[in-house]
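What follows is the content of entry.tsv (TSV, C-alpha atoms).
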chain	number	residue	atom	x	y	z
A	1	MET	CA	58.81	37.50	11.53
A	2	ASP	CA	56.99	38.69	8.40
A	3	GLU	CA	54.04	40.40	10.03
A	4	ALA	CA	52.52	41.47	13.33
A	5	LEU	CA	48.79	41.80	13.83
A	6	SER	CA	46.99	43.49	16.67
A	7	GLU	CA	44.06	41.90	18.46
A	8	THR	CA	41.74	43.66	16.00
A	9	GLY	CA	43.45	42.01	13.04
A	10	GLU	CA	45.14	45.26	11.95
A	11	PRO	CA	48.93	45.42	11.66
A	12	SER	CA	50.49	46.68	14.90
A	13	SER	CA	53.37	49.16	14.72
A	14	MET	CA	55.94	46.81	16.26
A	15	SER	CA	57.31	43.40	15.36
A	16	SER	CA	59.92	41.00	16.70
A	17	SER	CA	63.20	40.60	14.85
A	18	GLU	CA	64.94	37.26	14.42
A	19	SER	CA	66.87	37.93	17.66
A	20	GLY	CA	63.62	38.52	19.53
A	21	THR	CA	64.11	42.27	19.99
A	22	LYS	CA	61.29	44.65	19.14
A	23	ARG	CA	61.56	46.79	16.01
A	24	LYS	CA	59.32	49.32	14.34
A	25	LEU	CA	57.40	47.97	11.39
A	26	ARG	CA	58.40	49.51	8.07
A	27	VAL	CA	55.79	51.40	6.03
A	28	LEU	CA	55.99	52.66	2.45
A	29	SER	CA	53.60	54.78	0.44
A	30	GLY	CA	53.61	57.34	-2.36
A	31	VAL	CA	51.55	59.51	-4.67
A	32	GLN	CA	51.98	60.16	-8.39
A	33	PRO	CA	53.14	63.66	-9.41
A	34	THR	CA	50.31	64.18	-11.88
A	35	GLY	CA	48.16	67.27	-11.52
A	36	SER	CA	47.47	68.85	-8.13
A	37	LEU	CA	47.02	66.81	-4.98
A	38	HIS	CA	43.47	67.12	-3.71
A	39	LEU	CA	41.44	66.47	-0.56
A	40	GLY	CA	40.98	62.84	-1.56
A	41	ASN	CA	44.77	62.32	-1.67
A	42	TYR	CA	45.19	64.19	1.59
A	43	PHE	CA	42.48	62.56	3.71
A	44	GLY	CA	42.77	59.19	1.99
A	45	ALA	CA	46.54	58.92	2.34
A	46	ILE	CA	48.81	61.80	3.34
A	47	ARG	CA	47.09	62.84	6.56
A	48	ASN	CA	47.21	59.25	7.77
A	49	TRP	CA	50.94	59.12	6.96
A	50	VAL	CA	51.42	62.22	9.11
A	51	LEU	CA	49.43	60.81	12.03
A	52	THR	CA	51.27	57.46	12.07
A	53	GLN	CA	54.75	58.33	10.74
A	54	HIS	CA	56.46	58.11	14.14
A	55	GLN	CA	54.92	54.73	14.92
A	56	TYR	CA	56.69	53.17	11.92
A	57	GLU	CA	59.97	53.32	10.05
A	58	SER	CA	58.50	55.41	7.26
A	59	PHE	CA	59.41	55.64	3.56
A	60	PHE	CA	57.40	58.15	1.48
A	61	CYS	CA	58.21	58.52	-2.21
A	62	VAL	CA	56.96	60.60	-5.09
A	63	VAL	CA	56.22	57.85	-7.62
A	64	ASP	CA	57.24	59.58	-10.85
A	65	MET	CA	57.87	56.31	-12.68
A	66	HIS	CA	54.19	55.44	-12.22
A	67	ALA	CA	53.23	58.86	-13.57
A	68	ILE	CA	54.61	58.07	-17.04
A	69	THR	CA	52.44	54.96	-17.50
A	70	MET	CA	49.66	57.32	-18.63
A	71	PRO	CA	49.90	60.23	-21.10
A	72	TYR	CA	51.74	63.09	-19.37
A	73	LYS	CA	53.54	66.36	-20.10
A	74	ALA	CA	57.30	65.83	-19.96
A	75	LYS	CA	58.02	69.54	-19.49
A	76	GLU	CA	55.90	69.60	-16.33
A	77	LEU	CA	56.97	66.33	-14.67
A	78	SER	CA	59.96	67.70	-12.75
A	79	GLU	CA	58.10	70.76	-11.45
A	80	VAL	CA	55.07	68.71	-10.35
A	81	THR	CA	57.45	66.28	-8.62
A	82	TYR	CA	58.87	69.12	-6.54
A	83	LYS	CA	55.35	70.39	-5.79
A	84	THR	CA	54.26	66.95	-4.59
A	85	ALA	CA	57.29	66.63	-2.30
A	86	ALA	CA	56.64	70.13	-0.93
A	87	LEU	CA	53.03	69.22	-0.16
A	88	TYR	CA	54.18	66.08	1.68
A	89	LEU	CA	56.30	68.27	3.94
A	90	ALA	CA	53.71	71.05	4.25
A	91	ALA	CA	51.10	68.50	5.32
A	92	GLY	CA	53.36	67.43	8.20
A	93	ILE	CA	55.71	64.70	7.01
A	94	ASP	CA	58.85	64.98	9.17
A	95	ALA	CA	61.93	64.66	6.94
A	96	ASN	CA	64.13	64.17	10.01
A	97	THR	CA	62.49	60.86	10.88
A	98	SER	CA	60.81	59.80	7.60
A	99	LYS	CA	62.60	59.08	4.35
A	100	VAL	CA	61.16	61.35	1.65
A	101	PHE	CA	62.47	60.72	-1.87
A	102	VAL	CA	61.69	60.50	-5.57
A	103	GLN	CA	61.13	56.99	-6.92
A	104	SER	CA	63.31	57.40	-10.03
A	105	HIS	CA	66.24	58.60	-7.89
A	106	VAL	CA	66.59	55.03	-6.61
A	107	LYS	CA	67.49	52.93	-9.67
A	108	GLU	CA	66.74	49.68	-7.85
A	109	HIS	CA	63.00	50.29	-8.39
A	110	ALA	CA	63.45	49.67	-12.11
A	111	GLU	CA	65.92	46.82	-11.62
A	112	LEU	CA	63.74	44.85	-9.21
A	113	THR	CA	60.73	45.40	-11.46
A	114	TRP	CA	62.49	43.66	-14.34
A	115	LEU	CA	63.60	40.76	-12.14
A	116	LEU	CA	60.04	40.30	-10.85
A	117	ASN	CA	58.60	40.67	-14.37
A	118	CYS	CA	60.45	37.53	-15.31
A	119	ILE	CA	58.71	35.41	-12.67
A	120	THR	CA	55.22	36.98	-12.70
A	121	PRO	CA	52.59	35.12	-14.79
A	122	MET	CA	50.81	37.24	-17.41
A	123	ASN	CA	47.38	36.14	-16.20
A	124	TRP	CA	48.07	37.66	-12.78
A	125	LEU	CA	48.29	41.08	-14.43
A	126	GLU	CA	45.37	40.52	-16.80
A	127	ARG	CA	43.00	40.27	-13.84
A	128	MET	CA	44.00	43.63	-12.32
A	129	ILE	CA	40.88	45.80	-12.16
A	130	GLN	CA	42.55	49.22	-12.32
A	131	TYR	CA	44.45	48.28	-15.50
A	132	LYS	CA	41.20	47.39	-17.22
A	133	GLU	CA	39.61	50.69	-16.18
A	134	LYS	CA	42.56	52.83	-17.28
A	135	ALA	CA	43.09	50.87	-20.51
A	136	ARG	CA	39.53	51.61	-21.58
A	137	LYS	CA	40.25	55.34	-21.26
A	138	GLN	CA	43.46	55.14	-23.33
A	139	GLY	CA	42.11	52.86	-26.05
A	140	GLU	CA	44.70	51.97	-28.68
A	141	ASN	CA	47.31	54.21	-27.03
A	142	VAL	CA	47.68	51.96	-23.97
A	143	GLY	CA	51.34	51.10	-23.33
A	144	VAL	CA	53.13	48.12	-21.84
A	145	GLY	CA	53.99	50.26	-18.81
A	146	LEU	CA	50.34	50.57	-17.84
A	147	PHE	CA	49.85	46.81	-18.09
A	148	ASP	CA	53.01	46.22	-16.06
A	149	TYR	CA	52.67	48.96	-13.45
A	150	PRO	CA	51.30	46.54	-10.79
A	151	VAL	CA	54.70	44.79	-10.89
A	152	LEU	CA	56.43	48.15	-10.47
A	153	MET	CA	54.14	48.81	-7.51
A	154	ALA	CA	55.01	45.40	-6.06
A	155	ALA	CA	58.71	46.16	-6.55
A	156	ASP	CA	58.29	49.50	-4.76
A	157	VAL	CA	56.91	47.70	-1.73
A	158	LEU	CA	59.13	44.60	-1.72
A	159	LEU	CA	62.30	46.62	-2.30
A	160	TYR	CA	62.17	48.01	1.23
A	161	GLN	CA	61.07	44.81	2.99
A	162	THR	CA	57.88	46.70	3.80
A	163	ASP	CA	55.64	45.39	6.56
A	164	VAL	CA	52.53	47.53	5.99
A	165	VAL	CA	51.26	49.67	3.13
A	166	PRO	CA	48.57	52.33	3.72
A	167	VAL	CA	46.06	51.92	0.89
A	168	GLY	CA	42.40	52.48	0.10
A	169	GLU	CA	40.09	49.57	-0.53
A	170	ASP	CA	40.47	50.10	-4.30
A	171	GLN	CA	44.20	49.33	-4.14
A	172	LYS	CA	44.09	46.33	-1.82
A	173	GLN	CA	44.33	44.06	-4.87
A	174	HIS	CA	47.79	45.48	-5.61
A	175	ILE	CA	49.07	44.54	-2.17
A	176	GLU	CA	47.67	41.05	-2.63
A	177	LEU	CA	49.63	40.84	-5.90
A	178	ALA	CA	52.81	41.97	-4.12
A	179	ARG	CA	52.30	39.22	-1.55
A	180	ASP	CA	51.75	36.64	-4.30
A	181	ILE	CA	54.91	37.72	-6.13
A	182	ALA	CA	56.99	37.68	-2.94
A	183	ARG	CA	55.71	34.21	-2.08
A	184	ARG	CA	56.38	32.95	-5.62
A	185	PHE	CA	59.96	34.27	-5.54
A	186	ASN	CA	60.66	32.84	-2.09
A	187	ASP	CA	59.23	29.42	-3.02
A	188	GLN	CA	61.04	29.20	-6.37
A	189	PHE	CA	64.46	30.54	-5.43
A	190	ALA	CA	64.87	30.72	-1.66
A	191	LYS	CA	62.60	28.12	-0.09
A	192	ARG	CA	64.89	27.45	2.86
A	193	ALA	CA	66.15	31.01	3.39
A	194	ARG	CA	65.32	32.52	6.79
A	195	PRO	CA	64.37	35.27	7.12
A	196	ARG	CA	62.55	35.17	3.78
A	197	VAL	CA	64.35	37.07	1.04
A	198	LEU	CA	61.23	39.10	0.22
A	199	ARG	CA	58.87	40.05	3.04
A	200	GLU	CA	55.13	39.73	2.38
A	201	PRO	CA	53.46	43.10	3.15
A	202	ASN	CA	50.08	43.71	4.76
A	203	PRO	CA	47.59	46.41	3.68
A	204	LEU	CA	46.79	49.10	6.23
A	205	ILE	CA	43.25	50.19	5.36
A	206	GLN	CA	42.08	53.57	6.65
A	207	LYS	CA	38.38	53.32	7.47
A	208	ASP	CA	37.19	56.95	7.66
A	209	GLY	CA	37.60	59.25	4.69
A	210	ALA	CA	39.69	56.79	2.74
A	211	ARG	CA	37.60	57.37	-0.38
A	212	LEU	CA	36.28	60.89	-0.95
A	213	MET	CA	34.05	61.28	-3.97
A	214	SER	CA	33.77	63.78	-6.81
A	215	LEU	CA	32.02	67.10	-6.11
A	216	GLU	CA	30.10	66.59	-9.35
A	217	ASP	CA	29.14	62.93	-8.92
A	218	GLY	CA	28.85	61.32	-5.52
A	219	THR	CA	29.29	57.86	-7.04
A	220	SER	CA	32.72	58.56	-8.60
A	221	LYS	CA	36.00	58.82	-6.74
A	222	MET	CA	37.62	62.26	-6.42
A	223	SER	CA	40.41	62.08	-8.99
A	224	LYS	CA	43.31	64.12	-10.35
A	225	SER	CA	42.63	62.72	-13.81
A	226	ALA	CA	39.01	63.93	-13.99
A	227	GLU	CA	38.63	66.49	-16.76
A	228	SER	CA	36.72	69.01	-14.65
A	229	ASP	CA	38.73	70.84	-11.99
A	230	PHE	CA	35.41	71.54	-10.26
A	231	SER	CA	35.15	67.84	-9.38
A	232	ARG	CA	37.75	68.22	-6.62
A	233	ILE	CA	39.25	70.58	-4.03
A	234	ASN	CA	42.98	70.86	-4.71
A	235	LEU	CA	45.27	71.43	-1.75
A	236	ASP	CA	46.56	74.64	-3.35
A	237	ASP	CA	43.14	76.10	-4.27
A	238	ASP	CA	42.75	79.63	-2.91
A	239	PRO	CA	39.75	80.52	-0.69
A	240	LYS	CA	37.76	82.16	-3.50
A	241	LEU	CA	38.12	79.11	-5.73
A	242	ILE	CA	37.17	76.77	-2.88
A	243	GLU	CA	34.04	78.84	-2.26
A	244	LYS	CA	33.17	78.77	-5.96
A	245	LYS	CA	33.63	74.99	-6.18
A	246	ILE	CA	31.44	74.32	-3.15
A	247	LYS	CA	28.73	76.64	-4.46
A	248	ARG	CA	28.72	74.75	-7.77
A	249	CYS	CA	29.02	71.19	-6.42
A	250	LYS	CA	26.14	68.82	-7.05
A	251	THR	CA	23.45	68.94	-4.35
A	252	ASP	CA	19.66	69.04	-4.05
A	253	SER	CA	16.98	71.28	-2.54
A	254	LEU	CA	15.75	68.83	0.10
A	255	LYS	CA	15.87	69.72	3.78
A	256	GLY	CA	17.75	67.44	6.13
A	257	LEU	CA	21.26	66.08	5.66
A	258	THR	CA	22.12	62.47	6.43
A	259	TYR	CA	24.94	60.02	5.78
A	260	ASP	CA	22.61	57.11	5.20
A	261	ASP	CA	20.41	57.93	2.19
A	262	PRO	CA	21.64	55.79	-0.76
A	263	ASN	CA	19.77	58.07	-3.18
A	264	ARG	CA	21.78	61.12	-2.03
A	265	PRO	CA	25.46	60.05	-2.27
A	266	GLU	CA	26.58	63.69	-2.61
A	267	VAL	CA	25.18	64.43	0.86
A	268	ARG	CA	27.23	61.66	2.44
A	269	ASN	CA	30.36	62.85	0.63
A	270	LEU	CA	30.03	66.51	1.67
A	271	LEU	CA	29.20	65.58	5.28
A	272	THR	CA	32.31	63.36	5.32
A	273	ILE	CA	34.48	66.22	4.05
A	274	TYR	CA	33.01	68.51	6.73
A	275	GLN	CA	33.61	65.87	9.41
A	276	LEU	CA	37.24	65.40	8.38
A	277	CYS	CA	38.01	69.11	8.07
A	278	THR	CA	36.47	70.01	11.44
A	279	GLY	CA	37.65	66.95	13.35
A	280	LYS	CA	34.13	66.39	14.65
A	281	SER	CA	32.69	62.94	15.17
A	282	LYS	CA	30.03	61.54	12.87
A	283	GLU	CA	27.51	61.87	15.68
A	284	GLU	CA	28.38	65.54	16.21
A	285	VAL	CA	27.99	66.27	12.50
A	286	ILE	CA	24.60	64.51	12.42
A	287	ALA	CA	23.38	66.51	15.42
A	288	GLU	CA	24.57	69.78	13.87
A	289	CYS	CA	23.41	69.26	10.30
A	290	ALA	CA	20.37	66.97	10.46
A	291	ASP	CA	17.86	69.79	9.96
A	292	MET	CA	19.89	71.90	7.54
A	293	ASN	CA	19.52	72.39	3.81
A	294	PHE	CA	22.47	72.96	1.50
A	295	GLY	CA	21.94	76.72	1.47
A	296	THR	CA	22.87	76.73	5.15
A	297	PHE	CA	25.44	73.95	5.06
A	298	LYS	CA	27.61	75.01	2.11
A	299	PRO	CA	29.03	78.16	3.79
A	300	LEU	CA	29.91	76.07	6.86
A	301	LEU	CA	31.64	73.49	4.67
A	302	THR	CA	33.51	76.19	2.73
A	303	ASP	CA	34.83	77.79	5.92
A	304	ALA	CA	35.86	74.42	7.34
A	305	ILE	CA	37.88	73.51	4.23
A	306	ILE	CA	39.57	76.92	4.04
A	307	GLU	CA	40.48	76.85	7.73
A	308	HIS	CA	41.87	73.31	7.53
A	309	LEU	CA	43.98	73.97	4.43
A	310	SER	CA	45.27	77.41	5.46
A	311	PRO	CA	48.34	76.28	7.49
A	312	ILE	CA	49.24	73.66	4.88
A	313	GLN	CA	49.09	76.25	2.10
A	314	LYS	CA	51.16	78.75	4.10
A	315	THR	CA	53.96	76.23	4.64
A	316	TYR	CA	53.73	74.95	1.06
A	317	ASN	CA	54.10	78.47	-0.38
A	318	GLU	CA	57.30	78.90	1.64
A	319	LEU	CA	58.75	75.48	0.77
A	320	ILE	CA	58.13	75.61	-2.97
A	321	LEU	CA	60.34	78.72	-3.16
A	322	ASP	CA	63.20	76.99	-1.32
A	323	ARG	CA	64.43	74.58	-4.01
A	324	ALA	CA	67.76	74.09	-2.24
A	325	TYR	CA	66.01	72.75	0.87
A	326	LEU	CA	63.77	70.44	-1.17
A	327	ASP	CA	66.84	69.09	-3.00
A	328	GLU	CA	68.55	68.50	0.35
A	329	VAL	CA	65.57	66.57	1.71
A	330	LEU	CA	65.13	64.47	-1.45
A	331	THR	CA	68.85	63.72	-1.79
A	332	LYS	CA	69.10	62.59	1.83
A	333	GLY	CA	65.94	60.51	1.53
A	334	ALA	CA	67.10	58.82	-1.68
A	335	ALA	CA	70.48	57.95	-0.15
A	336	GLU	CA	68.82	56.35	2.87
A	337	ALA	CA	66.30	54.52	0.69
A	338	ARG	CA	69.03	53.32	-1.70
A	339	GLU	CA	70.92	51.68	1.14
A	340	VAL	CA	67.96	49.39	1.88
A	341	ALA	CA	67.00	48.93	-1.77
A	342	ALA	CA	70.50	47.92	-2.90
A	343	ALA	CA	70.71	45.25	-0.21
A	344	THR	CA	67.37	43.74	-1.31
A	345	VAL	CA	68.31	43.67	-5.01
A	346	SER	CA	71.68	42.12	-4.19
A	347	GLU	CA	69.98	39.29	-2.27
A	348	VAL	CA	67.38	38.75	-4.99
A	349	LYS	CA	70.05	38.52	-7.70
A	350	LYS	CA	72.15	36.15	-5.60
A	351	TYR	CA	69.27	33.72	-5.17
A	352	MET	CA	68.31	34.03	-8.85
A	353	GLY	CA	71.81	32.88	-9.78
A	354	PHE	CA	73.38	36.08	-11.12
A	355	THR	CA	77.14	36.57	-11.02
A	356	GLN	CA	77.82	39.07	-8.26
A	357	PRO	CA	80.17	42.02	-8.92
A	358	LEU	CA	83.40	42.05	-6.92

Can the structure in the file be given as structure tokens, please?
Amino acid sequence: MDEALSETGEPSSMSSSESGTKRKLRVLSGVQPTGSLHLGNYFGAIRNWVLTQHQYESFFCVVDMHAITMPYKAKELSEVTYKTAALYLAAGIDANTSKVFVQSHVKEHAELTWLLNCITPMNWLERMIQYKEKARKQGENVGVGLFDYPVLMAADVLLYQTDVVPVGEDQKQHIELARDIARRFNDQFAKRARPRVLREPNPLIQKDGARLMSLEDGTSKMSKSAESDFSRINLDDDPKLIEKKIKRCKTDSLKGLTYDDPNRPEVRNLLTIYQLCTGKSKEEVIAECADMNFGTFKPLLTDAIIEHLSPIQKTYNELILDRAYLDEVLTKGAAEAREVAAATVSEVKKYMGFTQPL
């Protein structure tokens, strides 16, 4: 069975195998090791991984091969990769039950990408919105890797026979592409194969906090690639820097804070951050903050962010100094991931007609 949907239309955490027995659905997600992870990465992705990791068979990778599709600093890539893995663990990913690994440590990611490249129509990639946006920024320096990275993303997902992929609304198009590629492969090479050689994944969209915005522009997504570090709260920012960033973030002098004013997107964004950091409901935040101005609200927001990040930062500072432990976790995770990945690539190559090694 390729997918299981709950009564609400969302993927459930269980599915039936071919024998009729229940199994956990498999989930895969990852973040690029470029710059520091920020609140948008955490609340939009990582925290949700932590909350749901035991419901699924979970694969979490540091996607370093995606990181090199844009200009990057080679001397920093390895160190930032370790930092990203450490933040996964510090945020609460359980390496005993989840597979935590580095994308490039599993060679099948690159191999399946090439195989899928050869069956993916060019016009499918030309319509990808994020490529167009990033290509405009790079200008003449845009590389083939950036154009092709949606196929690499599809390979990441299809390699592990993934059932559900936690994504924001802005990346739903990539999961649709992965489904299209899986269906095209199955129809062209393995029409009668059951179960299907490549499983079609479903997006798992997080509704609340999935898209935090810049502290300097409430209409732009909080981003690691933004030039100004004051546009985001990084997970490793110290309390003084967090306070400074909140003091400087874009606001207004009006009294009354509400989620619903389209002319004040920064208000909605900062209230959302406060809601997520405190764990309060939207209704509780409205009741507390409706009559406030930013002079009163900003200190509350600062304290909430510092308090929420404090235990994560404490654990991260311990982990980043224990390179041997991080290597142990990543080696174990890669070995477990490779076992699944190798089986998928072997099946794909068999159906594509390749001579199999003895």

### Nearest residue to Trp49 (chain A) from the set A:Arg196, A:Lys73, A:Arg23, A:Lys99 (distances using all atoms listed in the file)
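Ranked by minimum distance to Trp49 (chain A), first place goes to A:Lys99.
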
#### Entry: Arg338 (chain A) surroundings by only C-alpha atoms, 10 Å radius, close-in-sequence under 5 positions cut, as an MDAnalysis selection string
chainID A and resid 101 105:109 159:160 332:333 343:344

### Task
Name all residues at most 12 Å from Arg47 (chain A) (count all atoms listed in the file; drop same-chain ones fewer than 3 positions away) and give them as a PyMOL selection string.
chain A and resi 38-44+50-53+87-93+166+206+208-210+276-277+308-309+312

### Query
Could you name the residues that touch Ser104 (chain A) at 9 Å or less, counting only C-alpha atoms, but leaving out those on the same chain fewer than 5 positions away, as a list in words?
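Contacts, in chain order: Val62, Val63, Asp64, Met65, His109 and Ala110 of chain A.
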
Suppose we keep C-alpha atoms; can you now write the selection as a CSV table (one decimal), keeping the file's coordinate frame?
chain,number,residue,atom,x,y,z
A,62,VAL,CA,57.0,60.6,-5.1
A,63,VAL,CA,56.2,57.8,-7.6
A,64,ASP,CA,57.2,59.6,-10.8
A,65,MET,CA,57.9,56.3,-12.7
A,109,HIS,CA,63.0,50.3,-8.4
A,110,ALA,CA,63.4,49.7,-12.1

### Task
Can you work out which one of A:Ile320, A:Val164, A:Ile233, A:Ile181 has the shortest atom-to-atom distance to Leu204 (chain A), counting only C-alpha atoms?
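Closest residue, counting only C-alpha atoms: A:Val164.
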
### Best match for closeness to Met153 (chain A) among A:Glu339, A:Glu169, A:Asp237, A:Glu176, counting only C-alpha atoms
A:Glu176

### Query
For Ala95 (chain A), which of A:Pro265, A:Thr331, A:Leu241, A:Asp236 is the closest residue, counting only C-alpha atoms?
A:Thr331

### Message
Which residues are near Ala226 (chain A)? Cut-off 12 Å, only C-alpha atoms, ignore same chain within fewer than 5 positions. Put them as a ChimeraX atom specification.
### Response
/A:34-36,38,137,213-217,220-221,231-233

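Coordinates place CA of Tyr316 (chain A) at a distance of 17.8 Å from CA of Val102 (chain A).
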
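Taking all atoms listed in the file into account, the polymer residues that have an atom no farther than 9 Å from (61.1, 46.6, -12.9) are Glu108, His109, Ala110, Glu111, Leu112, Thr113, Trp114, Leu115, Leu116, Asn117, Asp148, Tyr149, Val151, Leu152 and Ala155 of chain A.
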
Those selected residues, please, written with C-alpha atoms and delivered as an mmCIF file, keeping the file's coordinate frame.
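As a result, out_32.cif now contains:
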data_model
loop_
_atom_site.group_PDB
_atom_site.id
_atom_site.type_symbol
_atom_site.label_atom_id
_atom_site.label_comp_id
_atom_site.auth_asym_id
_atom_site.auth_seq_id
_atom_site.Cartn_x
_atom_site.Cartn_y
_atom_site.Cartn_z
ATOM 1 C CA GLU A 108 66.740 49.680 -7.850
ATOM 2 C CA HIS A 109 63.000 50.290 -8.390
ATOM 3 C CA ALA A 110 63.450 49.670 -12.110
ATOM 4 C CA GLU A 111 65.920 46.820 -11.620
ATOM 5 C CA LEU A 112 63.740 44.850 -9.210
ATOM 6 C CA THR A 113 60.730 45.400 -11.460
ATOM 7 C CA TRP A 114 62.490 43.660 -14.340
ATOM 8 C CA LEU A 115 63.600 40.760 -12.140
ATOM 9 C CA LEU A 116 60.040 40.300 -10.850
ATOM 10 C CA ASN A 117 58.600 40.670 -14.370
ATOM 11 C CA ASP A 148 53.010 46.220 -16.060
ATOM 12 C CA TYR A 149 52.670 48.960 -13.450
ATOM 13 C CA VAL A 151 54.700 44.790 -10.890
ATOM 14 C CA LEU A 152 56.430 48.150 -10.470
ATOM 15 C CA ALA A 155 58.710 46.160 -6.550
#

### Query
Closest to Gly145 (chain A) among A:Gln356, A:Thr315, A:Thr69, A:Ser58, using only C-alpha atoms?
A:Thr69

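Taking CA of Glu318 (chain A) as the reference point, CA of His54 (chain A) is found at 24.3 Å.
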
### Message
Can you measure CA of Glu347 (chain A) to CA of Arg127 (chain A) for me? One decimal in Å is fine.
### Response
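A separation of 29.4 Å between them.
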
### Message
Considering only C-alpha atoms, can you say which of A:Ala85, A:Leu235, A:Ile246, A:Val80 comes closest to Leu326 (chain A)?
### Response
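Closest candidate: A:Ala85.
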
### Query
Hey, what's within 6 Å of region 283-296 of chain A if we count all atoms listed in the file and toss same-chain stuff fewer than 4 positions away? As a list in words, please?
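The residues that qualify are Lys255, Gly256 and Leu257 of chain A.
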
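Every residue within 7 Å of the file position (54.9, 44.5, 6.4), judged by all atoms listed in the file, is given as Asp2, Glu3, Leu25, Arg26, Val27, Thr162, Asp163, Val164, Arg199, Glu200, Pro201 and Asn202 of chain A.
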
Mind filling out region 240-245 of chain A with all heavy atoms and sending it as a PDB file, in the coordinates of the input?
ATOM      1  N   LYS A 240      38.822  81.793  -2.571  1.00  0.00           N
ATOM      2  CA  LYS A 240      37.760  82.160  -3.500  1.00  0.00           C
ATOM      3  C   LYS A 240      37.392  81.001  -4.415  1.00  0.00           C
ATOM      4  O   LYS A 240      36.208  80.786  -4.714  1.00  0.00           O
ATOM      5  CB  LYS A 240      38.175  83.379  -4.316  1.00  0.00           C
ATOM      6  CG  LYS A 240      38.188  84.680  -3.531  1.00  0.00           C
ATOM      7  CD  LYS A 240      38.475  85.869  -4.427  1.00  0.00           C
ATOM      8  CE  LYS A 240      38.432  87.181  -3.641  1.00  0.00           C
ATOM      9  NZ  LYS A 240      38.718  88.357  -4.505  1.00  0.00           N
ATOM     10  N   LEU A 241      38.392  80.250  -4.854  1.00  0.00           N
ATOM     11  CA  LEU A 241      38.120  79.110  -5.730  1.00  0.00           C
ATOM     12  C   LEU A 241      37.417  77.992  -4.955  1.00  0.00           C
ATOM     13  O   LEU A 241      36.514  77.339  -5.484  1.00  0.00           O
ATOM     14  CB  LEU A 241      39.421  78.593  -6.352  1.00  0.00           C
ATOM     15  CG  LEU A 241      39.287  77.439  -7.344  1.00  0.00           C
ATOM     16  CD1 LEU A 241      38.303  77.785  -8.459  1.00  0.00           C
ATOM     17  CD2 LEU A 241      40.657  77.073  -7.933  1.00  0.00           C
ATOM     18  N   ILE A 242      37.840  77.770  -3.708  1.00  0.00           N
ATOM     19  CA  ILE A 242      37.170  76.770  -2.880  1.00  0.00           C
ATOM     20  C   ILE A 242      35.694  77.122  -2.711  1.00  0.00           C
ATOM     21  O   ILE A 242      34.798  76.278  -2.866  1.00  0.00           O
ATOM     22  CB  ILE A 242      37.852  76.652  -1.497  1.00  0.00           C
ATOM     23  CG1 ILE A 242      39.253  76.041  -1.660  1.00  0.00           C
ATOM     24  CG2 ILE A 242      37.007  75.796  -0.541  1.00  0.00           C
ATOM     25  CD1 ILE A 242      40.083  76.059  -0.395  1.00  0.00           C
ATOM     26  N   GLU A 243      35.418  78.393  -2.416  1.00  0.00           N
ATOM     27  CA  GLU A 243      34.040  78.840  -2.260  1.00  0.00           C
ATOM     28  C   GLU A 243      33.237  78.625  -3.544  1.00  0.00           C
ATOM     29  O   GLU A 243      32.089  78.157  -3.515  1.00  0.00           O
ATOM     30  CB  GLU A 243      34.010  80.328  -1.883  1.00  0.00           C
ATOM     31  CG  GLU A 243      32.611  80.880  -1.656  1.00  0.00           C
ATOM     32  CD  GLU A 243      32.614  82.352  -1.292  1.00  0.00           C
ATOM     33  OE1 GLU A 243      33.677  83.000  -1.443  1.00  0.00           O
ATOM     34  OE2 GLU A 243      31.564  82.855  -0.870  1.00  0.00           O
ATOM     35  N   LYS A 244      33.849  78.931  -4.670  1.00  0.00           N
ATOM     36  CA  LYS A 244      33.170  78.770  -5.960  1.00  0.00           C
ATOM     37  C   LYS A 244      32.862  77.302  -6.240  1.00  0.00           C
ATOM     38  O   LYS A 244      31.775  76.961  -6.719  1.00  0.00           O
ATOM     39  CB  LYS A 244      34.053  79.363  -7.060  1.00  0.00           C
ATOM     40  CG  LYS A 244      33.385  79.446  -8.421  1.00  0.00           C
ATOM     41  CD  LYS A 244      34.304  80.159  -9.419  1.00  0.00           C
ATOM     42  CE  LYS A 244      33.634  80.291 -10.786  1.00  0.00           C
ATOM     43  NZ  LYS A 244      34.521  80.979 -11.759  1.00  0.00           N
ATOM     44  N   LYS A 245      33.828  76.418  -5.926  1.00  0.00           N
ATOM     45  CA  LYS A 245      33.630  74.990  -6.180  1.00  0.00           C
ATOM     46  C   LYS A 245      32.521  74.416  -5.300  1.00  0.00           C
ATOM     47  O   LYS A 245      31.711  73.592  -5.756  1.00  0.00           O
ATOM     48  CB  LYS A 245      34.944  74.233  -5.955  1.00  0.00           C
ATOM     49  CG  LYS A 245      35.980  74.450  -7.049  1.00  0.00           C
ATOM     50  CD  LYS A 245      37.234  73.631  -6.799  1.00  0.00           C
ATOM     51  CE  LYS A 245      38.219  73.776  -7.952  1.00  0.00           C
ATOM     52  NZ  LYS A 245      39.438  72.948  -7.761  1.00  0.00           N
TER      53      LYS A 245
END
